[in-house]
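Visitor: Here it is, the structure in full.
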Amino acid sequence: MSAIKKTWVTTPQPDTTEVETLAKSININPTLASLLVQRGITDFDLAKDFFRPSLDQLHHPFLMQGMQQAIDRLKTAVAKGEKILVYGDYDVDGTTAVSVFYGFFSEIYPHIFHYIPDRYKEGYGVSQAGIDWAASNGVTLIVSLDCGIKSSEKIAYAQSLGIDFIVCDHHQPGEELPPAFAVLDPKRSDCSYPFKELSGCGVGFKLLHAYCLDQNLDTERLFSYLDLVAISIAADIVPIVNENRVMMALGLQIINKQIRPGVKALAGISGFKKSLTVTDVVFGLSPRINAAGRIGHADSAVKLMLSKTEEEAETWAEALNTKNSTRKDYDQSITKEALEMIASASRGDAVSTVLYKETWHKGVVGIVASRCIEQYHRPTIILTESNGKATGSARSVEGFDLYVALLQCDDLLEQWGGHKHAAGLTMKIDNIEAFQQRFEEVVAGCIEPWQLIPRIKIDGELELHQITDKFYNIISQMAPFGPGNMQPIFVSRNVVDTGQGRILKEKHLKLTLKQPESNISIDAIGFGMSAYFDKIKSGVPFHVCYQIDRNEFQGRTSLQLMLRDIKFD
């Protein structure tokens with residue numbers, strides 16, 4: 001397969017005076033100072049907070065609308081000895097949220113349970129089966145985590161059974177809030193909380209923080225759960241800025257101390273022997289946690305994270321690893337089918353993809369949607385049959401608001417929810433064809449041409465001789481990287497291979513690059529870029545964009561370029 005054409009977009013260079021002032025104040029070179037100014041770091045104090053995240057940078061939880069009502073209801077439940085149910089979604093965000101809330105609260109209050117819905121029997125969000133379970137077990141208060149903001153009917157049903165709800169969610173609310181006792185969601189239109197992009201687990205964490213402050217509890221034990229909050233932030237692809245950055249940075253420190261048996265076992269079975277980064281969490285830990293709910297019941301992920309001993313944790317980690325292997329098999333086979341369906345479709349001008357096959361595994365349709373976008377860069381929805389309905393996952397491309405598009409298809413859907421980047425949805429099977437047509441019309445009417453081409457944002461241009469250990473060390477201190485603070489991408493122009501270039505495993509490029517006017521060379525690797533090899537081998541100069549990484553091989557450590565794209569004049 002030929003390489004996919006990408007657009008390189010150079011980030012506007014910041015004001016020269018601001019860059020020079022910052023460079024002098026924190027004693028770094030202008031190139032690095034420019035990267036910081038691009039991220040809003042313009043003076044010494046902001047730089048200090050950026051490079052030294054600390055707990056005192058977290059916002060006060062009572063700034064969130066509904067927090068006082070939520071705390072009052074929790075206190076009443078504890079005072080009366082009511083049974084509390086912690087209810088969370090079956091993905092990484094939901095299971096970490098349940099693990100944090102139940103793990104913390106169960107040590108100070110005995111009458112508490114946790115519940116994760118079955119992806120296949122109950123579907124996404126608050127379920128009637130879950131409410132019925134709560135009622136039959138005498139529960140009078142449910143705390144929903146990472147779900148509930150669009151569950152008005154189910155919450156009203158719970159009310160009729162004498163059960164109150166505290167909703168902790170981070171998804172976009174509908175026009176009306178659910179009839180819960182308290183609704184915590186920073187995206188509420190009437191909520192003035194300073195940061196809108198918490199994960200679902202993060203919202204639950206803020207509720208616990210507020211409870212600690214109200215009850216004068218030591219917060220040190222609560223903050224020990226930041227490792228699980230960090231996993232939720234990484235997995236749910238929320239911006240790693242503001243207090244998400246603080247919780248991510250401090251959470252990674254806890255992850256790498258491997259204090260929690262469950263996280264230690266998961267890191268071990270994932271093959272990690274060094275300090276974990278956000279990327280390691282996203283591609284190593286998260287898929288295994290997610291696999292619990294994709295292939296079986298997500299309760300096993302909660303049991304892993306709440307394990308008290310290493311032996312117990314290793315048992316659950318092995319179980320999740322096995323499920324993840326099964327998930328990979330489904331992922332590969334269904335992705336192959338889906339790509340073949342797209343390739344054989346008659347319309348070459350389509351700007352969206354909506355595919356349905358009743359035998360596809362419900363647990364991997366979201367992953368398959370993302371895989372399809374890698375090859376066909378357009379909003380994608382993958383559907384399968386479940387309980388007599390078509391159900392599945394939607395994924396978007398940069399800049400296109402999926403939530404707004406689905407809102408215009410609302411009459412064809414039975415249930416849906418999500419945000420601008422991703423969503424889950426259910427419809428009648430008879431509605432699929434009409435939905436395909438409507439969704440294509442909606443997307444065609446508002447998507448911009450540039451949104452249909454993958455874009456690589458370039459932070460700056462470097463000569464290869466500028467890439468030194470000192471330069472890399474400062475960049476690495478800008479971590480944790482992720483949405484809102486991506487690892488910098490640089491361009492170097494008119495490079496050539498020294499003649500040592502080769503193809504690895506029939507599809508990857510391994511090069512040693514230099515610029516003709518310099519004797520400095522540096523290794524580079526380009527995954528899936530073998531299509532460029534013949535032209536590179538001819539000696540024609542080319543341009544590369546890349547991230548800088550440190551490579552460790554046979555005890556030797558050296559800098560290398562992780563290529564993102566290659567262009568020729």
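Going through the structure tokens in order, the chains are called A, B, and so on, while each chain numbers its residues from 1 and the ligands are numbered from 1 in the order shown.
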Within 12 Å of Ala524 of chain A, counting only C-alpha atoms, which residues qualify if same-chain residues fewer than 2 places away don't, as a PyMOL selection string?

Guide: chain A and resi 464+495-498+500-503+508-514+521-522+526-527+529+544-551+558-566

Visitor: I'd like the neighbourhood of segment 210-225 of chain A as a list in words, where a residue qualifies if any of its atoms comes within 7 Å (using only C-alpha atoms), though same-chain residues fewer than 4 positions away should be ignored.

Guide: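 Result of the neighbour search: Pro61, Phe62, Ile71, Val100, Phe104, Lys206 and Val229 of chain A.
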
Visitor: Please dump the current selection as a PDB file, in the first residue's frame; keep N, CA and C atoms.

Guide:
ATOM      1  N   PRO A  61     -12.445  21.841  44.420  1.00  0.00           N
ATOM      2  CA  PRO A  61     -13.569  21.057  43.883  1.00  0.00           C
ATOM      3  C   PRO A  61     -14.932  21.711  44.064  1.00  0.00           C
ATOM      4  N   PHE A  62     -15.075  22.556  45.067  1.00  0.00           N
ATOM      5  CA  PHE A  62     -16.387  23.174  45.299  1.00  0.00           C
ATOM      6  C   PHE A  62     -16.700  24.281  44.284  1.00  0.00           C
ATOM      7  N   ILE A  71     -22.267  16.585  47.971  1.00  0.00           N
ATOM      8  CA  ILE A  71     -21.650  16.314  49.279  1.00  0.00           C
ATOM      9  C   ILE A  71     -22.726  16.179  50.355  1.00  0.00           C
ATOM     10  N   VAL A 100     -11.343   3.913  41.768  1.00  0.00           N
ATOM     11  CA  VAL A 100     -10.928   5.019  42.640  1.00  0.00           C
ATOM     12  C   VAL A 100     -11.999   5.292  43.689  1.00  0.00           C
ATOM     13  N   PHE A 104     -11.468   4.022  47.549  1.00  0.00           N
ATOM     14  CA  PHE A 104     -11.288   5.015  48.613  1.00  0.00           C
ATOM     15  C   PHE A 104     -12.423   4.961  49.629  1.00  0.00           C
ATOM     16  N   LYS A 206     -12.802  14.512  41.872  1.00  0.00           N
ATOM     17  CA  LYS A 206     -13.099  15.823  42.450  1.00  0.00           C
ATOM     18  C   LYS A 206     -14.180  15.713  43.526  1.00  0.00           C
ATOM     19  N   VAL A 229      -6.258   7.644  38.124  1.00  0.00           N
ATOM     20  CA  VAL A 229      -6.779   8.833  37.435  1.00  0.00           C
ATOM     21  C   VAL A 229      -5.928   9.113  36.193  1.00  0.00           C
TER      22      VAL A 229
END

Visitor: Need the shell around Gly103 of chain A: protein/DNA/RNA residues with any atom at most 7 Å away, counting only C-alpha atoms. Skip same-chain ones fewer than 4 positions apart. Format as a list in words?

Guide: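 Counting only the stated atoms, we get Ser99, Glu107 and Leu306 of chain A.
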
Visitor: Near Leu339 of chain A, counting only C-alpha atoms, which residues have an atom at most 12 Å away, once you skip same-chain residues fewer than 5 positions from it, shown as JSON, numbers by chain?

Guide: {"A": [331, 332, 333, 334, 344, 345, 353, 354, 355, 368, 369, 370, 371, 372, 373, 374, 375, 376, 380, 382]}

Visitor: List every residue of segment 14-114 of chain A that DSSP, applied to the backbone, labels as alpha helix (DSSP H), and write the result as a PyMOL selection string.

Guide: chain A and resi 16-26+30-38+44-51+67-80+92-105

Visitor: Which neighbours of Arg260 of chain A fall inside 10 Å, counting only C-alpha atoms, when residues of the same chain fewer than 2 positions from it are skipped, and could you give them as a PyMOL selection string?

Guide: chain A and resi 224-225+227-228+254-258+262-265+304-310+313

Visitor: Suppose we keep C-alpha atoms; can you now write the selection as a tab-separated table (two decimals), in the first residue's frame?

Guide:
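Saved as result-v9.tsv:
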chain	number	residue	atom	x	y	z
A	224	SER	CA	-2.45	7.83	46.16
A	225	TYR	CA	-5.19	6.97	43.63
A	227	ASP	CA	-2.16	6.53	39.27
A	228	LEU	CA	-5.60	5.29	38.25
A	254	ILE	CA	3.01	6.69	41.32
A	255	ILE	CA	2.67	4.27	38.39
A	256	ASN	CA	6.44	4.08	38.06
A	257	LYS	CA	6.90	3.43	41.78
A	258	GLN	CA	4.57	0.45	41.17
A	262	GLY	CA	-2.71	-4.28	40.01
A	263	VAL	CA	-0.76	-1.63	38.09
A	264	LYS	CA	2.53	-3.41	38.81
A	265	ALA	CA	1.17	-6.71	37.49
A	304	LEU	CA	-7.36	-6.13	39.05
A	305	MET	CA	-7.07	-2.49	40.10
A	306	LEU	CA	-8.40	-3.19	43.60
A	307	SER	CA	-6.19	-6.26	44.18
A	308	LYS	CA	-4.54	-6.24	47.59
A	309	THR	CA	-1.77	-8.76	46.90
A	310	GLU	CA	0.67	-9.30	44.05
A	313	ALA	CA	-3.13	-9.01	40.85

Visitor: What does the structure give for the distance between atom CA of Cys191 of chain A and atom CA of Pro173 of chain A, in Å to one decimal?

Guide: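 These two atoms are separated by 11.6 Å.
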
Visitor: Within 8 Å of Val143 of chain A, counting only C-alpha atoms, which residues show up once you throw out same-chain ones fewer than 6 positions away? Write them as a PDB file with C-alpha atoms, in the first residue's frame, please.

Guide:
ATOM      1  CA  ILE A  84     -24.505   3.273  48.197  1.00  0.00           C
ATOM      2  CA  LEU A  85     -23.859   1.846  44.737  1.00  0.00           C
ATOM      3  CA  VAL A  86     -20.908   3.063  42.658  1.00  0.00           C
ATOM      4  CA  TYR A  87     -21.926   2.599  39.019  1.00  0.00           C
ATOM      5  CA  PHE A 165     -28.566   9.631  41.822  1.00  0.00           C
ATOM      6  CA  ILE A 166     -25.374  11.658  41.959  1.00  0.00           C
ATOM      7  CA  VAL A 167     -24.194  11.903  38.339  1.00  0.00           C
ATOM      8  CA  CYS A 168     -20.450  12.346  37.749  1.00  0.00           C
TER       9      CYS A 168
END

Visitor: Applying 10 Å and only C-alpha atoms, which residues near Glu506 of chain A remain after dropping the ones on its own chain fewer than 5 positions away? List them as a PyMOL selection string.

Guide: chain A and resi 528-531

Visitor: Go ahead and write the residues just picked, N, CA and C atoms, as a PDB file, in the first residue's frame.

Guide:
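Saved the output as selection.pdb:
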ATOM      1  N   GLY A 528       6.291   1.675   8.758  1.00  0.00           N
ATOM      2  CA  GLY A 528       5.369   1.596   7.629  1.00  0.00           C
ATOM      3  C   GLY A 528       5.752   2.492   6.465  1.00  0.00           C
ATOM      4  N   MET A 529       7.004   2.905   6.362  1.00  0.00           N
ATOM      5  CA  MET A 529       7.419   3.856   5.317  1.00  0.00           C
ATOM      6  C   MET A 529       8.324   3.229   4.262  1.00  0.00           C
ATOM      7  N   SER A 530       8.283   1.922   4.103  1.00  0.00           N
ATOM      8  CA  SER A 530       9.183   1.262   3.152  1.00  0.00           C
ATOM      9  C   SER A 530       8.954   1.708   1.709  1.00  0.00           C
ATOM     10  N   ALA A 531       7.753   2.243   1.411  1.00  0.00           N
ATOM     11  CA  ALA A 531       7.450   2.683   0.037  1.00  0.00           C
ATOM     12  C   ALA A 531       8.398   3.782  -0.432  1.00  0.00           C
TER      13      ALA A 531
END

Visitor: When distances are computed from only C-alpha atoms, which of A:Ile108, A:Leu250, A:Ala343, A:Leu141 shows the smallest separation from Arg52 of chain A?

Guide: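 That would be A:Leu250, the residue with the smallest distance to Arg52 of chain A.
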
Visitor: So, with only C-alpha atoms as the atoms that count, which of A:His59, A:Ser538, A:Cys201, A:Asp523 lies closest to Thr557 of chain A?

Guide: A:Asp523
